>>> print(open('run-v3.pdb').read())   # PDB, C-alpha atoms and all ligand atoms
MODEL        1
ATOM      1  CA  MET A   7      -2.731 -21.464   8.631  1.00  0.00           C
ATOM      2  CA  ARG A   8      -0.140 -18.815   9.183  1.00  0.00           C
ATOM      3  CA  ARG A   9       1.928 -17.896   6.163  1.00  0.00           C
ATOM      4  CA  LEU A  10       5.602 -17.714   6.869  1.00  0.00           C
ATOM      5  CA  LYS A  11       6.842 -16.901   3.388  1.00  0.00           C
ATOM      6  CA  CYS A  12       8.241 -13.428   2.862  1.00  0.00           C
ATOM      7  CA  GLU A  13       6.928 -13.029  -0.661  1.00  0.00           C
ATOM      8  CA  LEU A  14       3.767 -11.142  -1.497  1.00  0.00           C
ATOM      9  CA  LYS A  15       0.583 -11.685  -3.434  1.00  0.00           C
ATOM     10  CA  ALA A  16      -0.240  -9.400  -6.340  1.00  0.00           C
ATOM     11  CA  ARG A  17      -2.906  -7.589  -4.352  1.00  0.00           C
ATOM     12  CA  GLU A  18      -0.458  -6.853  -1.523  1.00  0.00           C
ATOM     13  CA  LEU A  19       2.012  -5.452  -4.048  1.00  0.00           C
ATOM     14  CA  VAL A  20      -0.709  -3.199  -5.471  1.00  0.00           C
ATOM     15  CA  ASN A  21      -1.740  -2.065  -1.989  1.00  0.00           C
ATOM     16  CA  ARG A  22       1.827  -1.008  -1.233  1.00  0.00           C
ATOM     17  CA  SER A  23       2.127   0.966  -4.478  1.00  0.00           C
ATOM     18  CA  ASP A  24       1.994   4.750  -4.471  1.00  0.00           C
ATOM     19  CA  LEU A  25      -1.125   6.608  -5.517  1.00  0.00           C
ATOM     20  CA  LYS A  26       0.618   8.468  -8.360  1.00  0.00           C
ATOM     21  CA  SER A  27       1.689   5.235 -10.072  1.00  0.00           C
ATOM     22  CA  ARG A  28      -1.756   3.750  -9.503  1.00  0.00           C
ATOM     23  CA  LEU A  29      -3.450   6.766 -11.091  1.00  0.00           C
ATOM     24  CA  ARG A  30      -1.007   6.795 -14.005  1.00  0.00           C
ATOM     25  CA  SER A  31      -1.663   3.122 -14.738  1.00  0.00           C
ATOM     26  CA  LYS A  32      -5.322   3.820 -15.289  1.00  0.00           C
ATOM     27  CA  TYR A  33      -5.247   4.461 -19.036  1.00  0.00           C
ATOM     28  CA  LEU A  34      -2.411   2.108 -19.959  1.00  0.00           C
ATOM     29  CA  ARG A  35      -3.229  -0.992 -21.963  1.00  0.00           C
ATOM     30  CA  SER A  36      -1.179  -4.124 -21.532  1.00  0.00           C
ATOM     31  CA  GLN A  37      -0.733  -6.859 -24.092  1.00  0.00           C
ATOM     32  CA  PHE A  38       0.010 -10.499 -23.354  1.00  0.00           C
ATOM     33  CA  GLU A  39       3.214 -11.718 -25.012  1.00  0.00           C
ATOM     34  CA  LYS A  40       4.144 -15.245 -23.858  1.00  0.00           C
ATOM     35  CA  PHE A  41       4.385 -17.836 -21.131  1.00  0.00           C
ATOM     36  CA  THR A  42       7.735 -19.438 -20.328  1.00  0.00           C
ATOM     37  CA  GLU A  43       8.822 -21.710 -17.491  1.00  0.00           C
ATOM     38  CA  ASN A  44       7.903 -19.792 -14.301  1.00  0.00           C
ATOM     39  CA  GLU A  45       7.337 -16.489 -16.111  1.00  0.00           C
ATOM     40  CA  VAL A  46       4.743 -14.596 -18.119  1.00  0.00           C
ATOM     41  CA  TYR A  47       5.587 -11.607 -20.334  1.00  0.00           C
ATOM     42  CA  PHE A  48       3.465  -8.585 -21.196  1.00  0.00           C
ATOM     43  CA  SER A  49       4.177  -5.431 -23.168  1.00  0.00           C
ATOM     44  CA  VAL A  50       2.821  -2.007 -22.267  1.00  0.00           C
ATOM     45  CA  ASP A  51       3.075   1.058 -24.516  1.00  0.00           C
ATOM     46  CA  SER A  52       5.403   3.753 -23.244  1.00  0.00           C
ATOM     47  CA  GLN A  53       3.671   7.082 -22.737  1.00  0.00           C
ATOM     48  CA  SER A  54       6.832   9.166 -22.854  1.00  0.00           C
ATOM     49  CA  SER A  55       8.312   7.510 -25.965  1.00  0.00           C
ATOM     50  CA  PRO A  56       5.615   6.770 -28.568  1.00  0.00           C
ATOM     51  CA  GLY A  57       6.238   3.481 -30.367  1.00  0.00           C
ATOM     52  CA  LYS A  58       8.362   2.146 -27.522  1.00  0.00           C
ATOM     53  CA  LYS A  59       7.129  -0.691 -25.348  1.00  0.00           C
ATOM     54  CA  HIS A  60       8.041  -1.716 -21.845  1.00  0.00           C
ATOM     55  CA  ILE A  61       8.239  -5.382 -20.925  1.00  0.00           C
ATOM     56  CA  VAL A  62       6.600  -6.532 -17.701  1.00  0.00           C
ATOM     57  CA  ILE A  63       7.479  -9.971 -16.311  1.00  0.00           C
ATOM     58  CA  LEU A  64       5.513 -11.756 -13.596  1.00  0.00           C
ATOM     59  CA  SER A  65       7.043 -14.849 -12.041  1.00  0.00           C
ATOM     60  CA  SER A  66       5.616 -17.764 -10.073  1.00  0.00           C
ATOM     61  CA  PRO A  67       6.725 -21.391  -9.735  1.00  0.00           C
ATOM     62  CA  SER A  68       3.179 -22.331 -10.811  1.00  0.00           C
ATOM     63  CA  ILE A  69       3.538 -20.750 -14.265  1.00  0.00           C
ATOM     64  CA  THR A  70       4.564 -23.080 -17.089  1.00  0.00           C
ATOM     65  CA  GLU A  71       4.550 -22.876 -20.870  1.00  0.00           C
ATOM     66  CA  GLU A  72       1.160 -24.636 -20.757  1.00  0.00           C
ATOM     67  CA  THR A  73      -0.430 -22.089 -18.435  1.00  0.00           C
ATOM     68  CA  THR A  74      -3.473 -20.314 -19.886  1.00  0.00           C
ATOM     69  CA  THR A  75      -4.502 -16.737 -19.144  1.00  0.00           C
ATOM     70  CA  LYS A  76      -7.447 -18.181 -17.214  1.00  0.00           C
ATOM     71  CA  ASP A  77      -5.030 -20.212 -15.048  1.00  0.00           C
ATOM     72  CA  LEU A  78      -2.925 -17.102 -14.616  1.00  0.00           C
ATOM     73  CA  LYS A  79      -5.835 -15.170 -13.167  1.00  0.00           C
ATOM     74  CA  GLN A  80      -6.140 -17.792 -10.412  1.00  0.00           C
ATOM     75  CA  ILE A  81      -2.394 -17.933  -9.861  1.00  0.00           C
ATOM     76  CA  LEU A  82      -2.306 -14.157  -9.431  1.00  0.00           C
ATOM     77  CA  GLN A  83      -5.077 -14.306  -6.864  1.00  0.00           C
ATOM     78  CA  ARG A  84      -3.741 -17.205  -4.843  1.00  0.00           C
ATOM     79  CA  GLU A  85       0.013 -17.248  -5.038  1.00  0.00           C
ATOM     80  CA  ASP A  86       2.951 -15.046  -4.223  1.00  0.00           C
ATOM     81  CA  ILE A  87       4.540 -13.515  -7.295  1.00  0.00           C
ATOM     82  CA  LYS A  88       7.717 -11.735  -8.278  1.00  0.00           C
ATOM     83  CA  VAL A  89       7.828  -8.861 -10.748  1.00  0.00           C
ATOM     84  CA  ALA A  90      10.070  -6.906 -13.123  1.00  0.00           C
ATOM     85  CA  CYS A  91       9.619  -4.040 -15.616  1.00  0.00           C
ATOM     86  CA  SER A  92      12.014  -2.643 -18.222  1.00  0.00           C
ATOM     87  CA  CYS A  93      11.026   1.001 -17.623  1.00  0.00           C
ATOM     88  CA  ASP A  94      13.258   3.681 -16.100  1.00  0.00           C
ATOM     89  CA  ALA A  95      10.883   4.311 -13.195  1.00  0.00           C
ATOM     90  CA  PHE A  96      11.181   0.732 -11.988  1.00  0.00           C
ATOM     91  CA  LEU A  97      14.950   1.120 -11.724  1.00  0.00           C
ATOM     92  CA  TYR A  98      15.504   4.781 -10.870  1.00  0.00           C
ATOM     93  CA  GLN A  99      12.547   5.415  -8.586  1.00  0.00           C
ATOM     94  CA  GLY A 100      13.713   2.497  -6.514  1.00  0.00           C
ATOM     95  CA  PHE A 101      10.893   0.063  -7.217  1.00  0.00           C
ATOM     96  CA  LYS A 102      13.399  -2.565  -8.328  1.00  0.00           C
ATOM     97  CA  PHE A 103      15.252  -2.186  -5.021  1.00  0.00           C
ATOM     98  CA  ILE A 104      12.031  -2.054  -2.984  1.00  0.00           C
ATOM     99  CA  THR A 105      10.516  -5.163  -4.604  1.00  0.00           C
ATOM    100  CA  TYR A 106      13.777  -7.088  -4.338  1.00  0.00           C
ATOM    101  CA  LYS A 107      14.108  -6.189  -0.666  1.00  0.00           C
ATOM    102  CA  ALA A 108      10.531  -7.456  -0.127  1.00  0.00           C
ATOM    103  CA  GLN A 109      11.481 -10.694  -1.935  1.00  0.00           C
ATOM    104  CA  ALA A 110       9.070  -9.756  -4.701  1.00  0.00           C
ATOM    105  CA  GLY A 111      11.623  -8.657  -7.285  1.00  0.00           C
ATOM    106  CA  ILE A 112      12.806 -11.025 -10.009  1.00  0.00           C
ATOM    107  CA  ASP A 113      16.209  -9.397 -10.493  1.00  0.00           C
ATOM    108  CA  PRO A 114      18.640  -8.474  -7.699  1.00  0.00           C
ATOM    109  CA  GLU A 115      19.062  -4.754  -6.978  1.00  0.00           C
ATOM    110  CA  GLY A 116      21.221  -3.562  -4.113  1.00  0.00           C
ATOM    111  CA  ARG A 117      21.404   0.151  -4.925  1.00  0.00           C
ATOM    112  CA  VAL A 118      19.318   2.141  -2.437  1.00  0.00           C
ATOM    113  CA  PRO A 119      17.321   4.941  -4.198  1.00  0.00           C
ATOM    114  CA  VAL A 120      18.869   7.661  -2.004  1.00  0.00           C
ATOM    115  CA  VAL A 121      18.221  10.543  -4.421  1.00  0.00           C
ATOM    116  CA  ARG A 122      14.977   9.781  -6.260  1.00  0.00           C
ATOM    117  CA  ASN A 123      13.076   7.933  -3.551  1.00  0.00           C
ATOM    118  CA  PRO A 124      14.859   8.308  -0.195  1.00  0.00           C
ATOM    119  CA  ARG A 125      11.794   7.285   1.800  1.00  0.00           C
ATOM    120  CA  GLN A 126      11.377   4.210  -0.374  1.00  0.00           C
ATOM    121  CA  LYS A 127       7.716   4.860  -1.055  1.00  0.00           C
ATOM    122  CA  GLY A 128       5.700   2.729  -3.423  1.00  0.00           C
ATOM    123  CA  MET A 129       6.251  -0.734  -4.835  1.00  0.00           C
ATOM    124  CA  LEU A 130       5.145  -1.217  -8.455  1.00  0.00           C
ATOM    125  CA  CYS A 131       5.515   0.986 -11.553  1.00  0.00           C
ATOM    126  CA  LYS A 132       2.467   1.969 -13.597  1.00  0.00           C
ATOM    127  CA  HIS A 133       3.180  -0.712 -16.225  1.00  0.00           C
ATOM    128  CA  ILE A 134       3.092  -3.611 -13.756  1.00  0.00           C
ATOM    129  CA  LEU A 135       0.005  -2.041 -12.185  1.00  0.00           C
ATOM    130  CA  ALA A 136      -1.637  -1.887 -15.642  1.00  0.00           C
ATOM    131  CA  VAL A 137      -0.948  -5.598 -16.217  1.00  0.00           C
ATOM    132  CA  LEU A 138      -2.396  -6.579 -12.833  1.00  0.00           C
ATOM    133  CA  LYS A 139      -5.394  -4.318 -13.411  1.00  0.00           C
ATOM    134  CA  SER A 140      -6.183  -6.288 -16.583  1.00  0.00           C
ATOM    135  CA  PHE A 141      -6.624  -9.317 -14.297  1.00  0.00           C
ATOM    136  CA  GLY A 142      -8.938  -7.406 -11.977  1.00  0.00           C
ATOM    137  CA  ILE A 143      -6.281  -6.733  -9.344  1.00  0.00           C
ATOM    138  CA  GLN A 144      -6.291  -3.003  -8.601  1.00  0.00           C
TER     139      GLN A 144
HETATM  140 ZN    ZN B   1       7.379  -0.008 -15.656  1.00  0.00          ZN
ENDMDL
END
>>> encode(input="run-v3.pdb", output="structure tokens")
Amino acid sequence: MRRLKCELKARELVNRSDLKSRLRSKYLRSQFEKFTENEVYFSVDSQSSPGKKHIVILSSPSITEETTTKDLKQILQREDIKVACSCDAFLYQGFKFITYKAQAGIDPEGRVPVVRNPRQKGMLCKHILAVLKSFGIQ
């Protein structure tokens, strides 16, 4: 059956991400925080500011407070997701704009990254990539 939805699966988001972010995600460790209605939260240590953590949120209508990490693995493989990260790169390198434009961003962002990423390359920051990698999506 042909899929008409404009959202993207986790693997498609990873495939559209730039090589630099993918390489930088390699040694990052993510930690599960909590499930809420339609969202799951992770924290990832900041490399530039020791002791600081970035919060990664993945969203799907299939996620509930009763979802388990095992369920989540299947959700991430089968369903379209939306993403967000609290880091500067996600906002200033245009990933927030790019994901929102692709209907894969949780929060609206209308500012085009004209200075830092004029060609709008990439999709996910290294923190989101690190979270997805921990579920075998890389
Ligand atoms: Zn990030």
>>> residues_near_ligand(input="run-v3.pdb", ligand="ligand ZN 1 (chain B)", cutoff="7 Å", atoms="only C-alpha atoms and all ligand atoms", output="MDAnalysis selection string")
chainID A and resid 60 62 91:96 131:134
>>> resolve_selection(input="run-v3.pdb", expression="the PyMOL selection byres (((chain A and resi 41-51) around 9) and not hetatm)", output="compact mmCIF listing (two decimals) with C-alpha atoms, in the coordinates of the input")
# COMPACT_ATOMS: atom_id res chain seq x y z
CA LEU A 34 -2.41 2.11 -19.96
CA ARG A 35 -3.23 -0.99 -21.96
CA SER A 36 -1.18 -4.12 -21.53
CA GLN A 37 -0.73 -6.86 -24.09
CA PHE A 38 0.01 -10.50 -23.35
CA GLU A 39 3.21 -11.72 -25.01
CA LYS A 40 4.14 -15.24 -23.86
CA SER A 52 5.40 3.75 -23.24
CA GLN A 53 3.67 7.08 -22.74
CA SER A 55 8.31 7.51 -25.96
CA PRO A 56 5.62 6.77 -28.57
CA GLY A 57 6.24 3.48 -30.37
CA LYS A 58 8.36 2.15 -27.52
CA LYS A 59 7.13 -0.69 -25.35
CA HIS A 60 8.04 -1.72 -21.84
CA ILE A 61 8.24 -5.38 -20.92
CA VAL A 62 6.60 -6.53 -17.70
CA ILE A 63 7.48 -9.97 -16.31
CA LEU A 64 5.51 -11.76 -13.60
CA SER A 65 7.04 -14.85 -12.04
CA SER A 66 5.62 -17.76 -10.07
CA PRO A 67 6.72 -21.39 -9.74
CA SER A 68 3.18 -22.33 -10.81
CA ILE A 69 3.54 -20.75 -14.26
CA THR A 70 4.56 -23.08 -17.09
CA GLU A 71 4.55 -22.88 -20.87
CA GLU A 72 1.16 -24.64 -20.76
CA THR A 73 -0.43 -22.09 -18.43
CA THR A 74 -3.47 -20.31 -19.89
CA LEU A 78 -2.92 -17.10 -14.62
CA HIS A 133 3.18 -0.71 -16.23
CA ILE A 134 3.09 -3.61 -13.76
CA ALA A 136 -1.64 -1.89 -15.64
CA VAL A 137 -0.95 -5.60 -16.22
>>> atom_distance(input="run-v3.pdb", atom1="CA of Ala110 (chain A)", atom2="CA of Glu13 (chain A)")
5.6 Å
>>> resolve_selection(input="run-v3.pdb", expression="the PyMOL selection byres (((chain A and resi 119-123) around 6) and not hetatm)", output="number ranges by chain")
A: 99-100, 118, 124-126
>>> resolve_selection(input="run-v3.pdb", expression="the PyMOL selection byres (((chain A and resi 105) around 9) and not hetatm)", output="PyMOL selection string")
chain A and resi 19+88-90+100-104+106-112+115+129-130
>>> residues_near_point(input="run-v3.pdb", point="(-1.4, -6.4, -3.1)", cutoff="10 Å", atoms="only C-alpha atoms", output="JSON, numbers by chain")
{"A": [14, 15, 16, 17, 18, 19, 20, 21, 22, 23, 83, 86, 129, 130, 138, 143, 144]}
>>> write_last_selection(input="run-v3.pdb", atoms="C-alpha atoms", output="compact mmCIF listing (two decimals), in the coordinates of the input")
# COMPACT_ATOMS: atom_id res chain seq x y z
CA LEU A 14 3.77 -11.14 -1.50
CA LYS A 15 0.58 -11.68 -3.43
CA ALA A 16 -0.24 -9.40 -6.34
CA ARG A 17 -2.91 -7.59 -4.35
CA GLU A 18 -0.46 -6.85 -1.52
CA LEU A 19 2.01 -5.45 -4.05
CA VAL A 20 -0.71 -3.20 -5.47
CA ASN A 21 -1.74 -2.06 -1.99
CA ARG A 22 1.83 -1.01 -1.23
CA SER A 23 2.13 0.97 -4.48
CA GLN A 83 -5.08 -14.31 -6.86
CA ASP A 86 2.95 -15.05 -4.22
CA MET A 129 6.25 -0.73 -4.84
CA LEU A 130 5.14 -1.22 -8.46
CA LEU A 138 -2.40 -6.58 -12.83
CA ILE A 143 -6.28 -6.73 -9.34
CA GLN A 144 -6.29 -3.00 -8.60
>>> atom_distance(input="run-v3.pdb", atom1="CA of Arg84 (chain A)", atom2="CA of Leu97 (chain A)")
27.1 Å
>>> atom_distance(input="run-v3.pdb", atom1="CA of Arg28 (chain A)", atom2="CA of Gln80 (chain A)")
22.0 Å
>>> closest_residue(input="run-v3.pdb", among="A:Ser31, A:Arg117, A:Leu25, A:Lys79", to="Leu135 (chain A)", atoms="all atoms listed in the file")
A:Ser31
